[in-house]
Each structure stands twice: as C-alpha cells, then as structure tokens.
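The file coords-v6.tsv contains TSV, C-alpha atoms:
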```tsv
chain	number	residue	atom	x	y	z
A	1020	MET	CA	7.31	5.78	-37.06
A	1021	LEU	CA	10.95	5.67	-35.93
A	1022	ASN	CA	10.82	9.35	-35.02
A	1023	ILE	CA	7.74	8.75	-32.88
A	1024	LEU	CA	9.42	5.85	-31.08
A	1025	LYS	CA	12.58	7.87	-30.56
A	1026	LYS	CA	10.62	10.81	-29.20
A	1027	ASN	CA	8.07	8.91	-27.11
A	1028	GLY	CA	9.73	5.53	-26.63
A	1029	PHE	CA	10.68	6.26	-23.02
A	1030	GLU	CA	7.08	7.13	-22.14
A	1031	PHE	CA	5.73	4.06	-23.96
A	1032	LEU	CA	8.13	1.81	-22.04
A	1033	THR	CA	7.09	3.48	-18.78
A	1034	TYR	CA	3.44	2.83	-19.51
A	1035	GLY	CA	4.33	-0.77	-20.39
A	1036	LEU	CA	6.07	-1.10	-17.02
A	1037	ILE	CA	2.97	0.15	-15.21
A	1038	LEU	CA	0.64	-2.20	-17.08
A	1039	SER	CA	2.90	-5.23	-16.60
A	1040	LEU	CA	3.36	-4.43	-12.90
A	1041	PHE	CA	-0.14	-5.73	-12.10
A	1042	PHE	CA	0.32	-9.00	-14.00
A	1043	SER	CA	3.99	-9.97	-13.77
A	1044	LYS	CA	6.97	-9.87	-11.40
A	1045	ALA	CA	9.76	-10.20	-13.96
A	1046	ILE	CA	8.63	-7.92	-16.81
A	1047	PRO	CA	8.59	-4.67	-14.74
A	1048	ASN	CA	12.21	-5.33	-13.66
A	1049	ILE	CA	13.28	-5.92	-17.26
A	1050	ILE	CA	11.61	-2.71	-18.44
A	1051	LEU	CA	13.02	-0.73	-15.50
A	1052	GLY	CA	16.49	-2.01	-16.39
A	1053	ILE	CA	16.02	-0.80	-19.99
A	1054	LEU	CA	14.75	2.59	-18.76
A	1055	ALA	CA	17.72	2.91	-16.38
A	1056	LEU	CA	20.14	2.11	-19.21
A	1057	TRP	CA	18.33	4.68	-21.40
A	1058	VAL	CA	18.81	7.33	-18.70
A	1059	ILE	CA	22.51	6.47	-18.34
A	1060	ILE	CA	23.10	6.71	-22.09
A	1061	ASP	CA	21.07	9.90	-22.38
A	1062	PHE	CA	22.15	11.35	-19.00
A	1063	ARG	CA	22.21	14.92	-20.33
A	1064	THR	CA	18.40	14.97	-20.38
A	1065	VAL	CA	18.20	14.06	-16.70
A	1066	GLN	CA	17.38	17.08	-14.63
A	1067	ARG	CA	19.95	17.78	-11.96
A	1068	PRO	CA	18.31	17.49	-8.57
A	1069	LYS	CA	18.07	20.68	-6.52
A	1070	PHE	CA	18.29	20.23	-2.80
A	1071	GLN	CA	15.13	21.16	-0.97
A	1072	PHE	CA	13.69	20.07	2.33
A	1073	SER	CA	10.92	17.65	1.41
A	1074	SER	CA	9.42	14.42	2.68
A	1075	SER	CA	11.72	12.43	0.40
A	1076	ASN	CA	14.70	13.57	2.47
A	1077	PHE	CA	13.37	11.57	5.41
A	1078	LEU	CA	13.29	8.38	3.34
A	1079	GLY	CA	16.85	9.06	2.23
A	1080	VAL	CA	18.01	9.53	5.83
A	1081	LEU	CA	16.20	6.35	6.84
A	1082	VAL	CA	17.92	4.26	4.15
A	1083	VAL	CA	21.36	5.71	4.94
A	1084	PHE	CA	20.92	5.14	8.68
A	1085	LEU	CA	19.77	1.53	8.31
A	1086	SER	CA	22.48	0.75	5.75
A	1087	LEU	CA	25.27	2.19	7.92
A	1088	LYS	CA	23.89	0.31	10.93
A	1089	SER	CA	23.88	-2.99	9.00
A	1090	ILE	CA	27.44	-2.37	7.75
A	1091	PHE	CA	28.57	-1.61	11.31
A	1092	PHE	CA	27.08	-4.86	12.65
A	1093	GLY	CA	28.20	-6.83	9.59
A	1094	THR	CA	24.67	-7.86	8.63
A	1095	ILE	CA	24.23	-5.93	5.38
A	1096	GLY	CA	24.29	-9.13	3.30
A	1097	TYR	CA	21.21	-10.46	5.08
A	1098	ASP	CA	19.40	-7.16	5.62
A	1099	LEU	CA	19.80	-6.08	1.99
A	1100	LYS	CA	16.95	-8.37	0.97
A	1101	VAL	CA	14.64	-5.90	2.73
A	1102	TYR	CA	16.54	-2.69	1.99
A	1103	LYS	CA	16.56	-3.47	-1.74
A	1104	GLY	CA	12.88	-2.50	-1.81
A	1105	LEU	CA	13.73	1.01	-0.64
A	1106	LEU	CA	16.58	1.20	-3.16
A	1107	LEU	CA	14.11	0.18	-5.89
A	1108	ILE	CA	11.92	3.16	-4.97
A	1109	PHE	CA	14.84	5.57	-5.32
A	1110	LEU	CA	15.86	4.05	-8.67
A	1111	LEU	CA	12.30	4.43	-9.89
A	1112	SER	CA	12.18	8.07	-8.80
A	1113	ILE	CA	15.43	8.83	-10.65
A	1114	VAL	CA	14.46	7.03	-13.84
A	1115	LEU	CA	10.91	8.37	-14.08
A	1116	GLN	CA	11.72	12.01	-13.44
A	1117	ARG	CA	11.80	12.31	-17.23
A	1118	ILE	CA	8.04	11.75	-17.33
A	1119	LYS	CA	6.50	15.22	-17.20
A	1120	ASN	CA	2.87	14.47	-18.06
A	1121	THR	CA	1.57	13.12	-14.76
A	1122	ASP	CA	-2.02	13.24	-16.03
A	1123	LYS	CA	-1.23	10.52	-18.59
A	1124	LEU	CA	0.67	8.63	-15.91
A	1125	LYS	CA	-2.39	8.66	-13.66
A	1126	THR	CA	-4.63	7.56	-16.53
A	1127	VAL	CA	-2.41	4.58	-17.33
A	1128	ILE	CA	-2.28	3.58	-13.65
A	1129	LEU	CA	-6.07	3.86	-13.35
A	1130	CYS	CA	-6.67	1.85	-16.53
A	1131	SER	CA	-4.26	-0.84	-15.31
A	1132	ILE	CA	-6.02	-1.05	-11.95
A	1133	THR	CA	-9.40	-1.28	-13.69
A	1134	LEU	CA	-8.12	-4.04	-15.98
A	1135	VAL	CA	-6.93	-6.09	-12.98
A	1136	VAL	CA	-10.31	-5.63	-11.28
A	1137	LEU	CA	-12.27	-6.58	-14.42
A	1138	SER	CA	-10.10	-9.68	-14.85
A	1139	SER	CA	-10.81	-10.64	-11.25
A	1140	PHE	CA	-14.53	-10.00	-11.80
A	1141	PHE	CA	-14.37	-12.51	-14.66
A	1142	LEU	CA	-12.71	-15.17	-12.48
A	1143	ILE	CA	-15.23	-14.53	-9.70
A	1144	SER	CA	-18.11	-14.91	-12.16
A	1145	LEU	CA	-16.79	-18.26	-13.37
A	1146	TYR	CA	-16.48	-19.48	-9.79
A	1147	TYR	CA	-19.97	-18.28	-8.86
A	1148	PHE	CA	-21.69	-19.90	-11.83
A	1149	LYS	CA	-19.97	-23.17	-10.97
A	1150	ASN	CA	-20.39	-23.16	-7.16
A	1151	LYS	CA	-23.29	-20.72	-6.56
A	1152	ASP	CA	-21.29	-19.20	-3.73
A	1153	LEU	CA	-18.63	-16.57	-3.05
A	1154	PRO	CA	-15.85	-17.59	-0.64
A	1155	PHE	CA	-14.74	-14.12	0.44
A	1156	SER	CA	-15.00	-14.79	4.15
A	1157	ASN	CA	-12.06	-17.16	3.70
A	1158	THR	CA	-8.70	-15.62	2.82
A	1159	ALA	CA	-7.10	-18.67	1.19
A	1160	GLU	CA	-9.99	-19.32	-1.22
A	1161	ALA	CA	-10.45	-15.61	-1.91
A	1162	ASN	CA	-6.84	-15.16	-3.02
A	1163	GLU	CA	-7.25	-17.96	-5.57
A	1164	LEU	CA	-9.96	-15.93	-7.34
A	1165	LEU	CA	-8.01	-12.66	-7.44
A	1166	LEU	CA	-5.05	-11.68	-9.58
A	1167	LEU	CA	-3.44	-10.15	-6.51
A	1168	GLU	CA	-3.75	-10.99	-2.82
A	1169	ARG	CA	-6.93	-9.51	-1.34
A	1170	PRO	CA	-5.28	-6.75	0.77
A	1171	TYR	CA	-3.28	-5.51	-2.21
A	1172	ILE	CA	-6.02	-5.67	-4.83
A	1173	GLY	CA	-8.40	-3.95	-2.40
A	1174	PHE	CA	-5.75	-1.31	-1.76
A	1175	ILE	CA	-5.16	-0.52	-5.43
A	1176	ALA	CA	-8.94	-0.37	-5.92
A	1177	VAL	CA	-9.07	2.35	-3.24
A	1178	LEU	CA	-6.31	4.29	-5.00
A	1179	GLY	CA	-8.16	3.81	-8.28
A	1180	ILE	CA	-11.39	5.23	-6.82
A	1181	PHE	CA	-9.69	8.50	-5.87
A	1182	LEU	CA	-7.89	8.72	-9.22
A	1183	ALA	CA	-11.18	8.17	-11.05
A	1184	ILE	CA	-13.12	10.76	-9.00
A	1185	GLU	CA	-10.33	13.29	-9.45
A	1186	LYS	CA	-10.36	12.74	-13.22
A	1187	ALA	CA	-14.16	13.03	-13.31
A	1188	ILE	CA	-13.99	16.43	-11.62
A	1189	LEU	CA	-11.04	17.76	-13.64
A	1190	ASN	CA	-12.30	16.38	-16.96
A	1191	PRO	CA	-16.08	17.02	-17.15
A	1192	SER	CA	-16.26	15.76	-20.76
A	1193	PHE	CA	-15.74	12.18	-19.59
A	1194	LYS	CA	-16.98	12.50	-16.02
A	1195	THR	CA	-19.68	9.84	-16.50
A	1196	ILE	CA	-17.09	7.28	-17.57
A	1197	TRP	CA	-14.81	8.06	-14.65
A	1198	PHE	CA	-17.64	8.03	-12.10
A	1199	ILE	CA	-18.77	4.64	-13.42
A	1200	ASN	CA	-15.17	3.50	-13.08
A	1201	ALA	CA	-15.11	4.64	-9.44
A	1202	ILE	CA	-18.43	2.91	-8.69
A	1203	LEU	CA	-17.18	-0.31	-10.30
A	1204	LEU	CA	-14.09	-0.29	-8.07
A	1205	PHE	CA	-16.22	0.41	-4.99
A	1206	ILE	CA	-18.55	-2.50	-5.78
A	1207	PHE	CA	-15.50	-4.72	-6.21
A	1208	ILE	CA	-14.18	-3.77	-2.74
A	1209	ILE	CA	-17.54	-4.65	-1.19
A	1210	LEU	CA	-17.73	-7.90	-3.17
A	1211	ILE	CA	-14.34	-9.18	-2.02
A	1212	SER	CA	-14.93	-7.93	1.55
A	1213	ALA	CA	-11.61	-6.07	1.79
A	1214	ARG	CA	-11.62	-4.82	5.41
A	1215	ILE	CA	-8.81	-2.27	5.37
A	1216	SER	CA	-10.08	-0.88	2.05
A	1217	LEU	CA	-13.59	-0.35	3.44
A	1218	ILE	CA	-12.20	1.28	6.59
A	1219	THR	CA	-9.93	3.51	4.50
A	1220	LEU	CA	-12.80	4.70	2.30
A	1221	PHE	CA	-14.99	5.30	5.35
A	1222	LEU	CA	-12.34	7.33	7.19
A	1223	LEU	CA	-11.38	9.37	4.13
A	1224	THR	CA	-15.01	10.16	3.41
A	1225	ILE	CA	-15.23	11.56	6.94
A	1226	VAL	CA	-12.02	13.56	6.37
A	1227	TYR	CA	-13.51	15.04	3.21
A	1228	LEU	CA	-16.76	15.82	5.02
A	1229	LEU	CA	-15.09	17.54	7.97
A	1230	PHE	CA	-12.29	19.45	6.26
A	1231	TYR	CA	-13.05	19.89	2.54
A	1232	LEU	CA	-16.82	19.90	2.00
A	1233	LYS	CA	-18.20	23.45	2.16
A	1234	VAL	CA	-21.60	22.98	3.81
A	1235	SER	CA	-23.14	24.03	7.11
A	1236	LYS	CA	-22.27	22.23	10.36
A	1237	LEU	CA	-25.83	20.93	10.58
A	1238	LYS	CA	-25.59	19.31	7.14
A	1239	LYS	CA	-22.19	17.87	8.05
A	1240	ALA	CA	-23.68	16.35	11.20
A	1241	VAL	CA	-26.56	14.80	9.27
A	1242	ILE	CA	-24.23	13.41	6.60
A	1243	LEU	CA	-21.83	12.08	9.25
A	1244	ILE	CA	-24.60	10.25	11.09
A	1245	SER	CA	-25.84	8.83	7.78
A	1246	LEU	CA	-22.33	7.63	6.91
A	1247	VAL	CA	-21.85	5.90	10.24
A	1248	MET	CA	-25.26	4.22	9.98
A	1249	GLY	CA	-24.64	3.20	6.38
A	1250	PHE	CA	-21.26	1.70	7.25
A	1251	GLY	CA	-22.81	-0.15	10.18
A	1252	VAL	CA	-25.59	-1.56	7.99
A	1253	LEU	CA	-23.03	-2.70	5.41
A	1254	VAL	CA	-20.87	-4.46	8.00
A	1255	PHE	CA	-23.72	-6.14	9.88
A	1256	THR	CA	-25.90	-7.18	6.93
A	1257	ASN	CA	-23.30	-8.44	4.46
A	1258	LYS	CA	-22.43	-12.01	5.49
A	1259	ASN	CA	-18.89	-12.04	4.10
A	1260	ILE	CA	-18.06	-8.59	5.45
A	1261	SER	CA	-19.48	-9.32	8.91
A	1262	GLU	CA	-17.37	-12.48	9.08
A	1263	ARG	CA	-14.32	-10.53	7.98
A	1264	PHE	CA	-14.95	-8.13	10.87
A	1265	PHE	CA	-15.56	-11.08	13.22
A	1266	ILE	CA	-19.10	-9.95	14.02
A	1267	LYS	CA	-20.75	-12.52	16.32
A	1268	SER	CA	-23.74	-12.59	18.69
A	1269	ASN	CA	-21.81	-10.84	21.48
A	1270	ILE	CA	-18.56	-8.96	22.06
A	1271	SER	CA	-16.75	-11.74	23.92
A	1272	GLU	CA	-17.46	-14.23	21.14
A	1273	SER	CA	-16.34	-11.69	18.54
A	1274	LEU	CA	-13.06	-11.10	20.42
A	1275	LYS	CA	-12.45	-14.84	20.73
A	1276	THR	CA	-13.06	-15.35	17.00
A	1277	ALA	CA	-10.75	-12.45	16.15
A	1278	SER	CA	-8.08	-13.92	18.41
A	1279	ASP	CA	-8.40	-17.29	16.67
A	1280	TYR	CA	-8.47	-16.08	13.07
A	1281	GLU	CA	-6.71	-12.70	12.91
A	1282	PRO	CA	-2.93	-13.37	12.59
A	1283	ARG	CA	-1.97	-9.82	13.51
A	1284	ILE	CA	-3.22	-10.24	17.07
A	1285	VAL	CA	-0.57	-12.92	17.63
A	1286	ILE	CA	2.05	-11.22	15.45
A	1287	TRP	CA	1.84	-7.80	17.09
A	1288	ASP	CA	1.87	-9.31	20.57
A	1289	CYS	CA	5.01	-11.24	19.63
A	1290	ALA	CA	6.56	-8.01	18.31
A	1291	TYR	CA	5.78	-6.31	21.63
A	1292	GLN	CA	7.20	-9.19	23.64
A	1293	MET	CA	10.47	-9.22	21.70
A	1294	THR	CA	11.06	-5.53	22.48
A	1295	LYS	CA	11.49	-6.67	26.11
A	1296	GLU	CA	14.48	-8.82	25.12
A	1297	ASN	CA	17.91	-7.74	26.37
A	1298	SER	CA	19.19	-7.77	22.78
A	1299	PHE	CA	16.72	-5.03	21.80
A	1300	ASN	CA	18.07	-1.49	21.88
A	1301	PHE	CA	15.38	1.17	22.27
A	1302	PHE	CA	17.29	3.64	20.09
A	1303	ILE	CA	18.62	1.42	17.27
A	1304	GLY	CA	16.59	-1.79	17.55
A	1305	PHE	CA	17.92	-5.30	16.92
A	1306	ASP	CA	21.24	-5.90	15.18
A	1307	SER	CA	19.76	-7.71	12.17
A	1308	TYR	CA	16.60	-8.95	10.50
A	1309	SER	CA	17.85	-12.51	11.11
A	1310	ILE	CA	17.42	-11.96	14.86
A	1311	ILE	CA	13.93	-10.53	14.33
A	1312	GLU	CA	12.85	-13.49	12.19
A	1313	LYS	CA	14.20	-15.95	14.78
A	1314	ASN	CA	12.39	-14.12	17.58
A	1315	PHE	CA	9.11	-14.30	15.66
A	1316	THR	CA	9.40	-18.03	15.02
A	1317	ASP	CA	10.40	-18.70	18.65
A	1318	CYS	CA	7.38	-16.71	19.81
A	1319	TYR	CA	5.01	-18.58	17.48
A	1320	SER	CA	6.38	-21.90	18.74
A	1321	SER	CA	5.85	-21.05	22.40
A	1322	LYS	CA	2.77	-18.81	22.29
A	1323	ILE	CA	0.38	-20.68	19.96
A	1324	ASP	CA	-1.23	-23.72	21.59
A	1325	ASN	CA	-3.26	-24.90	18.60
A	1326	GLU	CA	-0.95	-27.26	16.70
A	1327	SER	CA	-2.31	-26.61	13.18
A	1328	LYS	CA	-2.30	-22.85	13.75
A	1329	ARG	CA	1.25	-23.00	15.12
A	1330	GLU	CA	2.47	-25.00	12.12
A	1331	TYR	CA	0.74	-22.51	9.79
A	1332	PHE	CA	2.49	-19.55	11.40
A	1333	LEU	CA	5.85	-21.29	11.36
A	1334	PHE	CA	5.41	-22.34	7.73
A	1335	GLU	CA	4.44	-18.83	6.61
A	1336	LYS	CA	7.09	-17.18	8.83
A	1337	PHE	CA	4.89	-14.13	9.25
A	1338	ASN	CA	6.69	-10.80	9.51
A	1339	SER	CA	5.41	-7.90	11.63
A	1340	HIS	CA	2.60	-6.97	9.18
A	1341	ASN	CA	3.14	-3.33	10.11
A	1342	GLN	CA	5.84	-1.19	8.51
A	1343	PHE	CA	6.10	1.10	11.53
A	1344	ILE	CA	6.62	-1.86	13.88
A	1345	ASP	CA	9.14	-3.29	11.43
A	1346	PHE	CA	11.21	-0.11	11.43
A	1347	TYR	CA	10.99	0.07	15.22
A	1348	LEU	CA	12.29	-3.49	15.55
A	1349	ILE	CA	15.18	-3.05	13.11
A	1350	GLY	CA	16.05	0.59	13.78
A	1351	GLY	CA	14.55	1.46	17.16
A	1352	ILE	CA	12.80	4.69	17.95
A	1353	ILE	CA	15.11	6.56	15.56
A	1354	THR	CA	13.82	4.94	12.36
A	1355	PHE	CA	10.27	4.84	13.71
A	1356	LEU	CA	10.30	8.63	14.18
A	1357	ILE	CA	12.00	9.21	10.82
A	1358	PHE	CA	9.31	7.21	9.03
A	1359	ALA	CA	6.55	8.97	10.98
A	1360	ALA	CA	8.14	12.34	10.12
A	1361	PHE	CA	8.08	11.35	6.44
A	1362	PHE	CA	4.30	10.97	6.50
A	1363	ILE	CA	3.75	14.10	8.60
A	1364	LYS	CA	5.83	16.20	6.18
A	1365	LEU	CA	4.16	14.60	3.17
A	1366	LEU	CA	0.69	15.38	4.53
A	1367	PHE	CA	1.69	19.01	5.02
A	1368	GLU	CA	2.92	19.13	1.43
A	1369	VAL	CA	-0.37	17.86	-0.02
A	1370	LYS	CA	-2.92	19.15	2.51
A	1371	SER	CA	-4.53	21.61	0.08
A	1372	ASP	CA	-5.56	18.81	-2.32
A	1373	PHE	CA	-7.94	16.22	-0.90
A	1374	TYR	CA	-7.21	13.62	-3.59
A	1375	LYS	CA	-3.50	13.69	-2.83
A	1376	VAL	CA	-4.25	13.60	0.90
A	1377	ALA	CA	-6.44	10.55	0.23
A	1378	ILE	CA	-3.55	8.77	-1.49
A	1379	VAL	CA	-1.14	9.55	1.35
A	1380	VAL	CA	-3.61	8.48	4.05
A	1381	SER	CA	-4.42	5.31	2.09
A	1382	PHE	CA	-0.74	4.38	2.09
A	1383	LEU	CA	-0.41	5.33	5.76
A	1384	LEU	CA	-3.28	3.04	6.78
A	1385	PHE	CA	-1.99	0.22	4.58
A	1386	PHE	CA	1.46	0.50	6.15
A	1387	ILE	CA	-0.22	-0.12	9.51
A	1388	VAL	CA	-1.40	-3.59	8.41
A	1389	GLU	CA	1.22	-4.61	5.84
A	1390	ASN	CA	4.97	-4.44	5.26
A	1391	ILE	CA	4.77	-2.89	1.81
A	1392	PHE	CA	8.54	-2.54	1.47
A	1393	TYR	CA	8.95	-6.33	1.75
A	1394	ARG	CA	7.24	-6.77	-1.62
A	1395	GLN	CA	8.45	-5.73	-5.04
A	1396	PHE	CA	4.90	-4.86	-6.07
A	1397	GLY	CA	4.44	-2.67	-3.01
A	1398	CYS	CA	7.69	-0.81	-3.64
A	1399	TYR	CA	6.78	-0.14	-7.27
A	1400	LEU	CA	3.33	1.02	-6.24
A	1401	PHE	CA	4.69	3.31	-3.54
A	1402	GLY	CA	7.27	4.80	-5.92
A	1403	LEU	CA	4.73	5.45	-8.68
A	1404	PHE	CA	2.18	7.16	-6.46
A	1405	ILE	CA	4.71	9.26	-4.59
A	1406	LEU	CA	5.89	10.50	-8.00
A	1407	ILE	CA	2.46	11.99	-8.78
A	1408	LEU	CA	2.34	14.03	-5.58
A	1409	PRO	CA	3.22	17.73	-5.85
A	1410	HIS	CA	6.32	17.70	-3.67
A	1411	ASN	CA	8.08	16.20	-6.70
A	1412	LYS	CA	7.26	19.36	-8.68
A	1413	LEU	CA	6.27	17.34	-11.75
A	1414	ASP	CA	2.93	19.03	-12.18
A	1415	GLU	CA	4.52	22.47	-12.30
A	1416	GLU	CA	6.91	21.36	-15.01
A	1417	ASN	CA	4.28	20.03	-17.43
```
Give the structure from the file, written as structure tokens.
Amino acid sequence: MLNILKKNGFEFLTYGLILSLFFSKAIPNIILGILALWVIIDFRTVQRPKFQFSSSNFLGVLVVFLSLKSIFFGTIGYDLKVYKGLLLIFLLSIVLQRIKNTDKLKTVILCSITLVVLSSFFLISLYYFKNKDLPFSNTAEANELLLLERPYIGFIAVLGIFLAIEKAILNPSFKTIWFINAILLFIFIILISARISLITLFLLTIVYLLFYLKVSKLKKAVILISLVMGFGVLVFTNKNISERFFIKSNISESLKTASDYEPRIVIWDCAYQMTKENSFNFFIGFDSYSIIEKNFTDCYSSKIDNESKREYFLFEKFNSHNQFIDFYLIGGIITFLIFAAFFIKLLFEVKSDFYKVAIVVSFLLFFIVENIFYRQFGCYLFGLFILILPHNKLDEEN
C-alpha cells in the first residue's frame, strides 16, 4: 500500500485537486501547495524545460510586460491581485508537468464536471417539485440552484461535451456511456438556458461541418440549413431561452429589453468611453487597475439613470466582462495584440484535431464575455485544459 502511494501519490493528489476544484475554493490551493512542495523536494524528476516557440511564450511575455509596467508605475501591490491569477496558471503548468497520462487527466476532469452537473440537477429537481417552475430566465435565482454561477457551469458543460465525444470516438468499448454523458450535459445547458454555451456549441458545430466533416457540399448545405433552423426553433420556442436572448414581439422592443437587462451593454460602452480619457495611453493603457475601477464606477454613476440599476452596478463594481478589453485597458494595444497572438498561435498548434480546436475556441468565446483571469476557478480551469493540448508535448511522452 505504501509503495502504491509513493509511486502514484502525486497523481492521486492531482486528481483530488481537480475534483475539489468544482466544489471548494480553499482545498485546491492546499493540494497545489502540497504538490508544489513535492516537486521542490523531488526536483530531480522535474523535466528541464526546452525552449521552443509556442503559444505559452506569448502568455509569458504578457505577464512580464504587465509586471514590469506595474513596477515602473509603482502599482504592483494593487495590480498583483489580478496578476496572481496568471502566476497561478504558470505554477500549475510547472507542477503538473509530471503528469504524463493525459487520458486519465481528461477522464477525471470529465467525471468531475458530470458530478457537478448531476448535483445541480438534483437541486433543480427539488426546486421544481416545490415550486412547479424553473427560474432560469432570472440570473439571481438561477445561480442559487447551481453549484457554480450559470456562465461558468454552462462553460464547463461545453468542455465536458467535447471531452465526452472525444472519449466515445477513441474508446469504442464505452462509447454508449460517453455519448449519454455528452447528451446529459447538452440537456443541462438547454435546461439552465446558458446563452454563451448554446452559441458556442452552435458555432463549433458549424466549424466541424465546414472544415472537418467529409461529406459533399450539398449535404453540408442541407445540414447547415437544418442547424440554423433548429437553433432558431430552440431559441424562439423555449420560454427561458427566448427571454435570455431578449426575444420580444419586435426588434426595437428586444433592443430596449437587452439595454435594460444586459449589463455588458453598459459595461462595454463605459470601457469605450474611458479609452477617450487623457490618462489612457493607446500603447500601454492606464497606469493601474485602481484607475480602471474608479473610471468604471464614475461611468456607472453618471450614465445609468435608473436608481436601482445604478446602485446594483455600483454595489457589484462590475469589471469589463471581457478579457481582451481588460488587457487593452491595463496594457494598451500591446497586451491586446499579445493575447490575441496567443490564441492565433494556439489555434495553429491544434488545428488538425477538432476536439482541441473546440476547447480553444470555447475558451476564446468565453474570454469575450468574462474575465476568467479574475477568478481562481477560471485560472485553474484554463491551466488544466491548456495542459492537455498538444503544444505541451504531454501526449507524445505518454
């Protein structure tokens, strides 16, 4: 027993970290600390990194640039609360390079995602039997029924779908189980009316159809038309989903409703307005995140007429809700282009494998509506999934 723990203890702890990640904030940090200490003590087993031009280099350059900029302006103490998420990703990549079996890693991640979804299904069932209704057109009530906030649990469900389908194709012996798993996750996304998740699945299905499915152009056209019609039927006939997409009797009413209830319309306009400030430098952005946060709150105070809505925005202190905009505000066009180059290079590295492309595009789309690096969970998730992409060379070393 001791020999097994000594030989496989690191992997077991890693799998424990992944499982706890979806249910706890503190436990993953504790386990990561133990794993980091393990690596330090047993540093001889850590593979020496070989320099190669990969997408990860862009992230490294981005972190160095932002850190040096903050040190120069004397704001590193304040800005570190955001940069620590990026540092967490690099620590995770160093510690987990000892894990060679990425297939097991994917399985543990998929099982963890499925467990979170099943737990949420249970909570939803209890609510439905008590109230005979599902409140998924309302974000506040919806989040109370889910173990994670709706955007994030919908996002991991999307990632889980592609992991499950990939496993079904690569492991025919259990393909029925994995396909059922994928269907379960898809039903869950529809049930909770996760907008960005539905859009992501729709767009990636089109990508697969156009670039990976080997059928005639006529069949592709028929399938494409069917997909568009099916997506339209889903959006317009499902009450919760139609409300999430602000579908009303006419376009002007839909736009007005979206303007009233979609925070990003106000947030992104405020972000655009603050780039006109004299303190904003096109090349290197604002001096500090403290200035950005103040500009957002000032904009909410002056721009939002509805008192309750204004107080809500000021209480929540909404950030940019877009990682690209965030990097543009704090690092100007330089960091924006570096981050864009990261995704472009990463897509080139994985373009031959649709399932890896799907993961990258899923993250890309999610970065457009959320600041993933502001959240510990998002940083862990990003680090774990980037580790299973081929540019890390893990698959070749198995």
Please measure the separation of CA of Ile1050 in chain A and CA of Leu1403 in chain A, giving the value in Å to one decimal. 14.5 Å
Can you pull out every residue within 9 Å of range 1140-1157 of chain A, counting all atoms listed in the file, but drop anything in the same chain fewer than 4 positions away, and send it as a ChimeraX atom specification? /A:1135-1136,1161-1162,1164-1166,1207,1210-1213,1258-1263
Store the residues picked out above, limited to C-alpha atoms, as a short mmCIF file (atom, residue, chain, number, x, y, z; two decimals), in the coordinates of the input.
```cif
data_model
loop_
_atom_site.label_atom_id
_atom_site.label_comp_id
_atom_site.auth_asym_id
_atom_site.auth_seq_id
_atom_site.Cartn_x
_atom_site.Cartn_y
_atom_site.Cartn_z
CA VAL A 1135 -6.93 -6.09 -12.98
CA VAL A 1136 -10.31 -5.63 -11.28
CA ALA A 1161 -10.45 -15.61 -1.91
CA ASN A 1162 -6.84 -15.16 -3.02
CA LEU A 1164 -9.96 -15.93 -7.34
CA LEU A 1165 -8.01 -12.66 -7.44
CA LEU A 1166 -5.05 -11.68 -9.58
CA PHE A 1207 -15.50 -4.72 -6.21
CA LEU A 1210 -17.73 -7.90 -3.17
CA ILE A 1211 -14.34 -9.18 -2.02
CA SER A 1212 -14.93 -7.93 1.55
CA ALA A 1213 -11.61 -6.07 1.79
CA LYS A 1258 -22.43 -12.01 5.49
CA ASN A 1259 -18.89 -12.04 4.10
CA ILE A 1260 -18.06 -8.59 5.45
CA SER A 1261 -19.48 -9.32 8.91
CA GLU A 1262 -17.37 -12.48 9.08
CA ARG A 1263 -14.32 -10.53 7.98
#
```
May I have the residues within 12 Å of Tyr1227 in chain A as a VMD selection string, using all atoms listed in the file and disregarding those fewer than 2 positions away in the same chain? chain A and resid 1181 1220 to 1225 1229 to 1234 1239 1242 to 1243 1370 to 1377 1380
In Å, with one decimal, what is the gap from CA of Ser1307 in chain A to CA of Phe1386 in chain A?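 Result for CA of Ser1307 in chain A versus CA of Phe1386 in chain A: 20.9 Å, one decimal.
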Just the residues within 8 Å of Phe1346 in chain A, please, counting all atoms listed in the file, with nothing from its chain fewer than 5 positions along; format it as a ChimeraX atom specification. /A:1351,1354-1355,1358
Measure the distance from CA of Phe1315 in chain A to CA of Phe1092 in chain A in Å and round it to one decimal. 20.5 Å
Pick from A:Cys1318, A:Met1248, A:Ile1184, A:Ile1132: nearest to Leu1400 in chain A, with all atoms listed in the file counted? A:Ile1132
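With distances restricted to all atoms listed in the file, A:Leu1099 is the closest residue to Tyr1308 in chain A from A:Ile1059, A:Ile1053, A:Leu1099, A:Leu1178.
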